[in-house]
>>> print(open('target-v6.csv').read())   # CSV, C-alpha atoms
chain,number,residue,atom,x,y,z
R,168,MET,CA,9.1,43.3,-2.8
R,169,GLY,CA,9.1,40.3,-0.4
R,170,GLY,CA,5.3,40.5,-0.2
R,171,ALA,CA,5.0,40.4,-4.0
R,172,LYS,CA,7.3,37.4,-4.2
R,173,LEU,CA,5.2,35.5,-1.5
R,174,PHE,CA,2.0,36.4,-3.3
R,175,PHE,CA,3.5,35.0,-6.6
R,176,THR,CA,4.6,31.8,-4.8
R,177,VAL,CA,1.2,31.2,-3.3
R,178,CYS,CA,-0.7,31.9,-6.5
R,179,SER,CA,1.7,29.5,-8.4
R,180,THR,CA,1.1,26.8,-5.9
R,181,VAL,CA,-2.7,27.2,-6.1
R,182,LEU,CA,-2.6,27.2,-9.9
R,183,ILE,CA,-0.4,24.1,-10.0
R,184,VAL,CA,-2.7,22.2,-7.6
R,185,SER,CA,-5.7,23.1,-9.8
R,186,LEU,CA,-3.9,21.9,-12.9
R,187,VAL,CA,-2.9,18.5,-11.6
R,188,GLY,CA,-6.3,17.9,-10.0
R,189,THR,CA,-7.9,17.4,-6.6
R,190,THR,CA,-6.1,14.1,-6.1
R,191,PHE,CA,-2.9,15.9,-5.3
R,192,ALA,CA,-4.7,18.1,-2.7
R,193,LEU,CA,-6.1,15.0,-1.0
R,194,GLU,CA,-2.7,13.4,-0.8
R,195,ASN,CA,-1.1,16.7,0.3
R,196,LEU,CA,0.9,16.7,-2.9
R,197,SER,CA,0.6,20.4,-3.7
R,198,MET,CA,3.7,21.7,-5.5
R,199,THR,CA,5.6,24.9,-5.8
R,200,GLN,CA,6.8,26.2,-9.2
R,201,ALA,CA,10.1,24.5,-8.5
R,202,GLY,CA,8.3,21.2,-7.9
R,203,LYS,CA,6.4,21.5,-11.1
R,204,GLU,CA,9.7,22.1,-12.9
R,205,LYS,CA,11.1,18.9,-11.4
R,206,LEU,CA,8.0,17.0,-12.5
R,207,ASP,CA,8.5,18.3,-16.1
R,208,GLN,CA,12.1,17.3,-16.0
R,209,PHE,CA,11.1,13.8,-14.7
R,210,LYS,CA,8.6,13.4,-17.5
R,211,GLU,CA,11.2,14.2,-20.1
R,212,ALA,CA,13.7,11.9,-18.4
R,213,VAL,CA,11.4,8.9,-18.6
R,214,SER,CA,9.6,9.8,-21.9
R,215,LYS,CA,11.3,7.0,-23.8
R,216,THR,CA,10.5,4.3,-21.2
R,217,THR,CA,8.0,1.6,-22.1
R,218,PHE,CA,5.9,1.1,-19.0
R,219,PRO,CA,4.5,-2.4,-18.4
R,220,ALA,CA,1.6,-1.1,-16.3
R,221,GLU,CA,-0.6,1.9,-16.9
R,222,TRP,CA,-0.4,3.2,-13.3
R,223,MET,CA,3.4,3.6,-13.7
R,224,GLN,CA,3.0,6.3,-16.3
R,225,GLN,CA,0.5,8.4,-14.4
R,226,GLU,CA,1.6,11.8,-13.3
R,227,LEU,CA,0.7,11.0,-9.7
R,228,THR,CA,3.1,8.1,-9.8
R,229,PHE,CA,5.8,10.4,-11.0
R,230,VAL,CA,5.2,12.8,-8.1
R,231,ARG,CA,5.3,9.9,-5.6
R,232,TYR,CA,8.6,8.7,-6.9
R,233,LEU,CA,10.1,12.2,-6.9
R,234,ARG,CA,9.0,12.7,-3.3
R,235,ALA,CA,10.4,9.3,-2.3
R,236,ARG,CA,13.8,10.5,-3.6
R,237,ASP,CA,13.6,14.1,-2.3
R,238,TRP,CA,12.8,15.5,-5.7
R,239,ASP,CA,16.1,14.3,-7.1
R,240,VAL,CA,15.1,13.6,-10.8
R,241,ARG,CA,18.0,11.2,-11.4
R,242,ARG,CA,17.4,9.1,-8.3
R,243,ALA,CA,13.7,9.1,-8.9
R,244,LYS,CA,14.1,7.9,-12.5
R,245,SER,CA,16.5,5.2,-11.3
R,246,MET,CA,13.9,4.1,-8.7
R,247,LEU,CA,11.1,3.9,-11.3
R,248,LEU,CA,13.2,2.0,-13.8
R,249,GLU,CA,14.1,-0.5,-11.1
R,250,THR,CA,10.4,-0.9,-10.6
R,251,VAL,CA,9.9,-1.6,-14.3
R,252,ALA,CA,12.7,-4.2,-14.2
R,253,TRP,CA,11.2,-5.8,-11.0
R,254,TRP,CA,7.8,-5.9,-12.6
R,255,GLU,CA,9.1,-7.8,-15.6
R,256,GLU,CA,11.5,-10.1,-13.7
R,257,ASN,CA,8.7,-11.1,-11.3
R,258,ASN,CA,6.1,-11.6,-14.1
R,259,MET,CA,3.8,-9.2,-12.3
R,260,LYS,CA,1.5,-8.9,-15.4
R,261,ASP,CA,0.3,-12.5,-14.7
R,262,ILE,CA,0.2,-12.4,-10.9
R,263,HIS,CA,-3.6,-12.0,-10.8
R,264,ASN,CA,-4.2,-14.9,-13.1
R,265,GLU,CA,-2.0,-17.5,-11.2
R,266,ASP,CA,-3.5,-20.4,-9.3
R,267,TRP,CA,-3.8,-19.3,-5.7
R,268,SER,CA,-6.1,-22.1,-4.5
R,269,ASN,CA,-3.5,-23.6,-2.2
R,270,ILE,CA,-2.8,-20.3,-0.6
R,271,GLU,CA,-6.0,-18.2,-0.3
R,272,LYS,CA,-7.7,-20.4,2.3
R,273,ASP,CA,-4.7,-20.7,4.6
R,274,PHE,CA,-3.7,-17.0,4.2
R,275,PRO,CA,-7.0,-15.1,3.7
R,276,LEU,CA,-7.0,-11.4,2.8
R,277,HIS,CA,-9.6,-9.2,1.2
R,278,THR,CA,-9.5,-6.1,-0.9
R,279,ASP,CA,-13.1,-5.4,-1.9
R,280,GLY,CA,-14.0,-2.9,0.9
R,281,VAL,CA,-13.6,0.9,0.9
R,282,ASP,CA,-13.3,3.7,3.4
R,283,LYS,CA,-15.7,6.6,3.8
R,284,LEU,CA,-13.7,8.5,1.1
R,285,GLY,CA,-14.2,5.6,-1.4
R,286,GLN,CA,-10.6,4.5,-1.1
R,287,PRO,CA,-10.1,0.7,-1.2
R,288,VAL,CA,-8.8,-1.2,1.8
R,289,MET,CA,-7.0,-4.5,2.3
R,290,VAL,CA,-8.1,-6.5,5.4
R,291,LEU,CA,-6.5,-9.5,7.0
R,292,THR,CA,-6.7,-11.4,10.2
R,293,PHE,CA,-3.1,-12.2,10.9
R,294,ALA,CA,-3.7,-14.9,13.5
R,295,GLU,CA,-4.9,-17.1,10.6
R,296,TRP,CA,-1.6,-16.8,8.9
R,297,GLU,CA,0.7,-19.6,10.1
R,298,LEU,CA,4.0,-18.2,8.8
R,299,ARG,CA,6.2,-20.6,10.6
R,300,GLN,CA,4.4,-23.5,9.0
R,301,ALA,CA,4.8,-21.9,5.6
R,302,ALA,CA,8.5,-21.5,6.2
R,303,VAL,CA,8.9,-25.2,7.2
R,304,GLN,CA,6.9,-26.3,4.2
R,305,GLY,CA,8.9,-24.2,1.8
R,306,ARG,CA,6.0,-22.0,0.9
R,307,MET,CA,7.3,-18.7,2.3
R,308,ASP,CA,8.1,-17.3,-1.2
R,309,HIS,CA,4.6,-18.1,-2.4
R,310,VAL,CA,3.0,-16.5,0.7
R,311,ILE,CA,5.1,-13.3,0.1
R,312,ARG,CA,4.1,-13.2,-3.5
R,313,TRP,CA,0.4,-13.7,-2.4
R,314,PHE,CA,0.7,-10.6,-0.2
R,315,ILE,CA,2.3,-8.7,-3.0
R,316,LYS,CA,-0.7,-9.7,-5.2
R,317,GLY,CA,-2.8,-8.1,-2.5
R,318,PHE,CA,-0.7,-4.9,-2.6
R,319,ASP,CA,-1.1,-4.7,-6.4
R,320,ASP,CA,-4.8,-5.6,-6.4
R,321,VAL,CA,-5.7,-2.8,-4.0
R,322,HIS,CA,-3.3,-0.5,-5.8
R,323,LEU,CA,-4.9,-1.1,-9.1
R,324,LYS,CA,-8.4,-0.6,-7.6
R,325,SER,CA,-7.3,2.8,-6.2
R,326,PHE,CA,-6.5,4.0,-9.7
R,327,GLU,CA,-9.7,2.4,-11.2
R,328,TYR,CA,-11.9,4.0,-8.5
R,329,GLN,CA,-10.3,7.4,-9.1
R,330,LYS,CA,-10.7,7.1,-12.9
R,331,SER,CA,-14.4,6.1,-12.6
R,332,GLY,CA,-15.1,9.0,-10.2
R,333,LYS,CA,-15.7,6.9,-7.2
R,334,THR,CA,-13.0,8.8,-5.3
R,335,ASN,CA,-10.7,11.7,-5.9
R,336,GLY,CA,-7.8,10.0,-4.3
R,337,THR,CA,-5.6,7.1,-5.5
R,338,GLN,CA,-4.4,5.9,-2.1
R,339,TRP,CA,-5.6,2.8,-0.2
R,340,ASN,CA,-5.7,1.5,3.4
R,341,LEU,CA,-4.6,-1.6,5.3
R,342,ILE,CA,-6.2,-3.1,8.3
R,343,ALA,CA,-4.4,-5.9,10.1
R,344,ASP,CA,-6.0,-7.7,13.0
R,345,MET,CA,-3.2,-8.9,15.2
R,346,ASP,CA,-5.4,-10.8,17.7
R,347,LYS,CA,-3.6,-13.9,19.0
R,348,LEU,CA,-0.3,-12.9,17.4
R,349,SER,CA,2.1,-15.7,18.3
R,350,ARG,CA,5.8,-15.7,18.9
R,351,GLN,CA,6.0,-19.3,17.6
R,352,GLN,CA,3.9,-18.8,14.4
R,353,HIS,CA,4.6,-15.2,13.5
R,354,LEU,CA,8.0,-14.2,15.1
R,355,CYS,CA,10.2,-17.2,14.2
R,356,ILE,CA,13.6,-16.4,12.6
R,357,GLN,CA,12.3,-17.7,9.2
R,358,CYS,CA,9.2,-15.5,9.6
R,359,LEU,CA,11.1,-12.2,9.8
R,360,ARG,CA,11.9,-12.3,6.1
R,361,PHE,CA,8.2,-12.0,5.4
R,362,TYR,CA,8.0,-8.6,7.1
R,363,THR,CA,11.3,-7.2,5.7
R,364,GLU,CA,10.6,-8.3,2.1
R,365,LEU,CA,7.1,-6.8,2.1
R,366,ALA,CA,8.3,-3.6,3.7
R,367,ILE,CA,11.0,-3.2,1.0
R,368,THR,CA,8.6,-4.1,-1.8
R,369,PHE,CA,6.1,-1.6,-0.6
R,370,GLU,CA,8.5,1.3,-0.1
R,371,SER,CA,10.4,0.7,-3.4
R,372,ARG,CA,7.6,-0.2,-5.7
R,373,TYR,CA,4.5,1.5,-4.3
R,374,PRO,CA,5.9,4.6,-2.6
R,375,GLY,CA,3.3,7.0,-1.1
R,376,ALA,CA,0.4,4.7,-2.1
R,377,ILE,CA,-1.0,4.1,1.4
R,378,ASP,CA,-3.3,6.5,3.3
R,379,LYS,CA,-3.7,4.7,6.6
R,380,ILE,CA,-2.5,1.5,8.2
R,381,PHE,CA,-4.6,0.3,11.1
R,382,VAL,CA,-3.1,-2.4,13.3
R,383,VAL,CA,-5.7,-3.5,15.8
R,384,ASN,CA,-5.5,-5.9,18.8
R,385,ALA,CA,-1.8,-5.4,18.8
R,386,PRO,CA,-0.2,-7.1,21.8
R,387,SER,CA,3.2,-6.0,23.2
R,388,ILE,CA,5.1,-8.5,21.0
R,389,PHE,CA,4.0,-6.6,17.9
R,390,GLN,CA,6.9,-4.3,18.8
R,391,VAL,CA,9.2,-7.0,17.6
R,392,ILE,CA,7.7,-6.7,14.1
R,393,LEU,CA,7.9,-2.9,14.3
R,394,GLY,CA,11.5,-3.1,15.3
R,395,VAL,CA,12.3,-5.2,12.2
R,396,VAL,CA,10.5,-2.9,9.6
R,397,ASN,CA,11.0,0.5,11.2
R,398,PRO,CA,14.4,1.1,9.6
R,399,ILE,CA,12.9,0.2,6.2
R,400,LEU,CA,9.6,2.2,6.3
R,401,SER,CA,9.6,5.8,5.2
R,402,LYS,CA,8.6,8.7,7.5
R,403,ARG,CA,5.4,9.0,5.4
R,404,THR,CA,4.5,5.4,5.9
R,405,LEU,CA,5.3,5.5,9.6
R,406,ASN,CA,3.0,8.6,9.9
R,407,ALA,CA,0.2,6.6,8.3
R,408,LEU,CA,0.6,3.8,10.8
R,409,GLU,CA,-1.8,3.6,13.8
R,410,VAL,CA,-1.1,0.8,16.2
R,411,LEU,CA,-4.1,0.2,18.3
R,412,GLY,CA,-4.2,-2.1,21.4
R,413,THR,CA,-6.5,-4.8,22.5
R,414,ASN,CA,-9.3,-2.5,23.8
R,415,LYS,CA,-12.1,-3.2,21.3
R,416,GLU,CA,-14.1,-0.1,22.4
R,417,GLU,CA,-11.1,2.1,21.6
R,418,TRP,CA,-10.1,0.7,18.3
R,419,SER,CA,-13.7,0.4,17.2
R,420,LYS,CA,-14.1,4.1,17.5
R,421,VAL,CA,-11.1,4.7,15.3
R,422,LEU,CA,-12.2,2.3,12.6
R,423,ASP,CA,-15.8,3.5,12.7
R,424,ALA,CA,-14.5,7.0,12.0
R,425,HIS,CA,-13.0,5.8,8.7
R,426,PHE,CA,-15.2,2.9,7.6
R,427,GLU,CA,-18.9,2.1,7.4
R,428,LYS,CA,-20.0,-1.1,9.2
R,429,ASP,CA,-20.8,-2.9,5.9
R,430,GLN,CA,-17.2,-2.4,4.8
R,431,LEU,CA,-15.7,-4.2,7.8
R,432,PRO,CA,-15.7,-7.9,8.7
R,433,GLU,CA,-17.4,-9.2,11.8
R,434,ASN,CA,-14.2,-9.6,13.8
R,435,LEU,CA,-13.6,-5.8,13.3
R,436,GLY,CA,-17.1,-4.9,14.5
R,437,GLY,CA,-18.7,-4.8,11.0
R,438,THR,CA,-21.3,-6.7,9.1
R,439,ARG,CA,-19.4,-7.8,6.1
R,440,LYS,CA,-19.2,-11.6,5.6
R,441,TYR,CA,-16.5,-13.3,3.5
R,442,ALA,CA,-16.4,-16.6,1.8
R,443,THR,CA,-13.2,-18.7,2.0
R,444,VAL,CA,-12.4,-17.8,-1.7
R,445,TRP,CA,-10.5,-14.7,-2.7
R,446,ASN,CA,-12.7,-11.6,-2.6
R,447,GLU,CA,-16.0,-13.5,-2.7
R,448,ILE,CA,-18.7,-12.3,-0.4
>>> encode(input="target-v6.csv", output="C-alpha cells")
Amino acid sequence: MGGAKLFFTVCSTVLIVSLVGTTFALENLSMTQAGKEKLDQFKEAVSKTTFPAEWMQQELTFVRYLRARDWDVRRAKSMLLETVAWWEENNMKDIHNEDWSNIEKDFPLHTDGVDKLGQPVMVLTFAEWELRQAAVQGRMDHVIRWFIKGFDDVHLKSFEYQKSGKTNGTQWNLIADMDKLSRQQHLCIQCLRFYTELAITFESRYPGAIDKIFVVNAPSIFQVILGVVNPILSKRTLNALEVLGTNKEEWSKVLDAHFEKDQLPENLGGTRKYATVWNEI
C-alpha cells in the first residue's frame, strides 16, 4: 500500500511539472499535488486583483510568492498585494522612461548580457559608485531608485527572453566587482541604507528571481556589507550568493563556467565594451 502511494506521489509530481513547463524544473520549482492545490487556491484568491505589470500575474510569479511565504496562501496574497501597492506608490510604470542622465555615468550598471543558459545578467563595478558622495549630495534616494530600475530591467528581460524562447528560465544573475571597495566611500553610516533598502526591495518584490550572485574581488571588508544584509536575505538568495576573493585566476574560472567572454566586460576578463550611456555598447 505504501509503495502504491509513493508511486502516485511521484507520478503526480512528474505530471504537474510537465503541465507548468520546463521553467519550473530549471528553477527547482516542481510541486507535489498539495503544492498544485495551493497554487489553485492562490489563483482564486487573487483572481479579482488588477495587476499593473504583466509579470505579476504569471503563474511562475505566484509560485515564487507562495514559496517565499512557505506556501501560506493568505500570507503570499498579502505579499503580492503589497507589491502591487508598492509598484503604484513608487510609479514603477514610468521608471524606465525617467531622465537618468545625471546618474548613469556616475553609477554605471549594465543589463544587456546573458549567461550560457540565456538568462540575463546585471553587471556593475562597485568601485565606481561613490555612495558617500551621493549621501552628502542628497542623491541617495535617486541612486537607490536607479538600482531598483536595474532590478526591474533585468527582471523584465528574463520574462521576455523566456516568452521568445531564448531561455526556458525566467531568472537572472548579478555580477558585482568589488575591487577597491572603500570603507570611506562604501561603508559610511549613510551608505548602509543603500544595502538594506535594496535587500528588502529584492526579497519582498522580486522573490526567487535570481539564479546566481557573483561577488568578485571581494576584500575582507565586504563582510561588513554581508553582515548588514544577511538577516534580510532569504536562504534561497544566500544559497545563490558566491563571494569570490581577489585571486583573478580563481574567480575567472567561476565566471567562465557560466558566461561567454563576449558577455563579460574587460575588467571581468571578457571582451564586451560598454559606452558611458545606459546599456549602449
>>> residues_around(input="target-v6.csv", residues="R:Lys440", least_positions_apart="6", cutoff="9 Å", atoms="only C-alpha atoms", output="PyMOL selection string")
chain R and resi 429+431-433+448
>>> atom_distance(input="target-v6.csv", atom1="atom CA of R:Lys205", atom2="atom CA of R:His322")
24.8 Å
>>> atom_distance(input="target-v6.csv", atom1="atom CA of R:Ala235", atom2="atom CA of R:Pro374")
6.5 Å
>>> residues_around(input="target-v6.csv", residues="R:Lys324", least_positions_apart="2", cutoff="10 Å", atoms="all atoms listed in the file", output="list in words")
Thr278, Asp279, Gln286, Pro287, Val288, Asp319, Asp320, Val321, His322, Phe326, Glu327, Tyr328, Gln329, Lys330, Thr337, Gln338 and Trp339 of chain R
>>> write_last_selection(input="target-v6.csv", atoms="C-alpha atoms", output="mmCIF file, in the coordinates of the input")
data_model
loop_
_atom_site.group_PDB
_atom_site.id
_atom_site.type_symbol
_atom_site.label_atom_id
_atom_site.label_comp_id
_atom_site.auth_asym_id
_atom_site.auth_seq_id
_atom_site.Cartn_x
_atom_site.Cartn_y
_atom_site.Cartn_z
ATOM 1 C CA THR R 278 -9.500 -6.100 -0.900
ATOM 2 C CA ASP R 279 -13.100 -5.400 -1.900
ATOM 3 C CA GLN R 286 -10.600 4.500 -1.100
ATOM 4 C CA PRO R 287 -10.100 0.700 -1.200
ATOM 5 C CA VAL R 288 -8.800 -1.200 1.800
ATOM 6 C CA ASP R 319 -1.100 -4.700 -6.400
ATOM 7 C CA ASP R 320 -4.800 -5.600 -6.400
ATOM 8 C CA VAL R 321 -5.700 -2.800 -4.000
ATOM 9 C CA HIS R 322 -3.300 -0.500 -5.800
ATOM 10 C CA PHE R 326 -6.500 4.000 -9.700
ATOM 11 C CA GLU R 327 -9.700 2.400 -11.200
ATOM 12 C CA TYR R 328 -11.900 4.000 -8.500
ATOM 13 C CA GLN R 329 -10.300 7.400 -9.100
ATOM 14 C CA LYS R 330 -10.700 7.100 -12.900
ATOM 15 C CA THR R 337 -5.600 7.100 -5.500
ATOM 16 C CA GLN R 338 -4.400 5.900 -2.100
ATOM 17 C CA TRP R 339 -5.600 2.800 -0.200
#
>>> atom_distance(input="target-v6.csv", atom1="atom CA of R:Leu276", atom2="atom CA of R:Val290")
5.7 Å
>>> residues_around(input="target-v6.csv", residues="R:Asn384", least_positions_apart="3", cutoff="7 Å", atoms="only C-alpha atoms", output="count of residues only")
6
>>> closest_residue(input="target-v6.csv", among="R:Phe209, R:Tyr373, R:Phe426, R:Phe361", to="R:Trp222", atoms="all atoms listed in the file")
R:Tyr373
>>> closest_residue(input="target-v6.csv", among="R:Asn434, R:Pro219, R:Asp207, R:Trp253", to="R:Leu233", atoms="only C-alpha atoms")
R:Asp207
>>> closest_residue(input="target-v6.csv", among="R:Asn406, R:Gln357, R:Thr368, R:Thr199", to="R:Ile380", atoms="only C-alpha atoms")
R:Asn406
>>> residues_around(input="target-v6.csv", residues="R:Lys347", least_positions_apart="6", cutoff="9 Å", atoms="only C-alpha atoms", output="PyMOL selection string")
chain R and resi 293-294+384-386
>>> residues_around(input="target-v6.csv", residues="R:Arg312", least_positions_apart="3", cutoff="10 Å", atoms="only C-alpha atoms", output="VMD selection string")
chain R and resid 257 259 262 307 to 309 315 to 318 361 364 to 365
>>> write_last_selection(input="target-v6.csv", atoms="C-alpha atoms", output="PDB file, in the coordinates of the input")
ATOM      1  CA  ASN R 257       8.700 -11.100 -11.300  1.00  0.00           C
ATOM      2  CA  MET R 259       3.800  -9.200 -12.300  1.00  0.00           C
ATOM      3  CA  ILE R 262       0.200 -12.400 -10.900  1.00  0.00           C
ATOM      4  CA  MET R 307       7.300 -18.700   2.300  1.00  0.00           C
ATOM      5  CA  ASP R 308       8.100 -17.300  -1.200  1.00  0.00           C
ATOM      6  CA  HIS R 309       4.600 -18.100  -2.400  1.00  0.00           C
ATOM      7  CA  ILE R 315       2.300  -8.700  -3.000  1.00  0.00           C
ATOM      8  CA  LYS R 316      -0.700  -9.700  -5.200  1.00  0.00           C
ATOM      9  CA  GLY R 317      -2.800  -8.100  -2.500  1.00  0.00           C
ATOM     10  CA  PHE R 318      -0.700  -4.900  -2.600  1.00  0.00           C
ATOM     11  CA  PHE R 361       8.200 -12.000   5.400  1.00  0.00           C
ATOM     12  CA  GLU R 364      10.600  -8.300   2.100  1.00  0.00           C
ATOM     13  CA  LEU R 365       7.100  -6.800   2.100  1.00  0.00           C
TER      14      LEU R 365
END
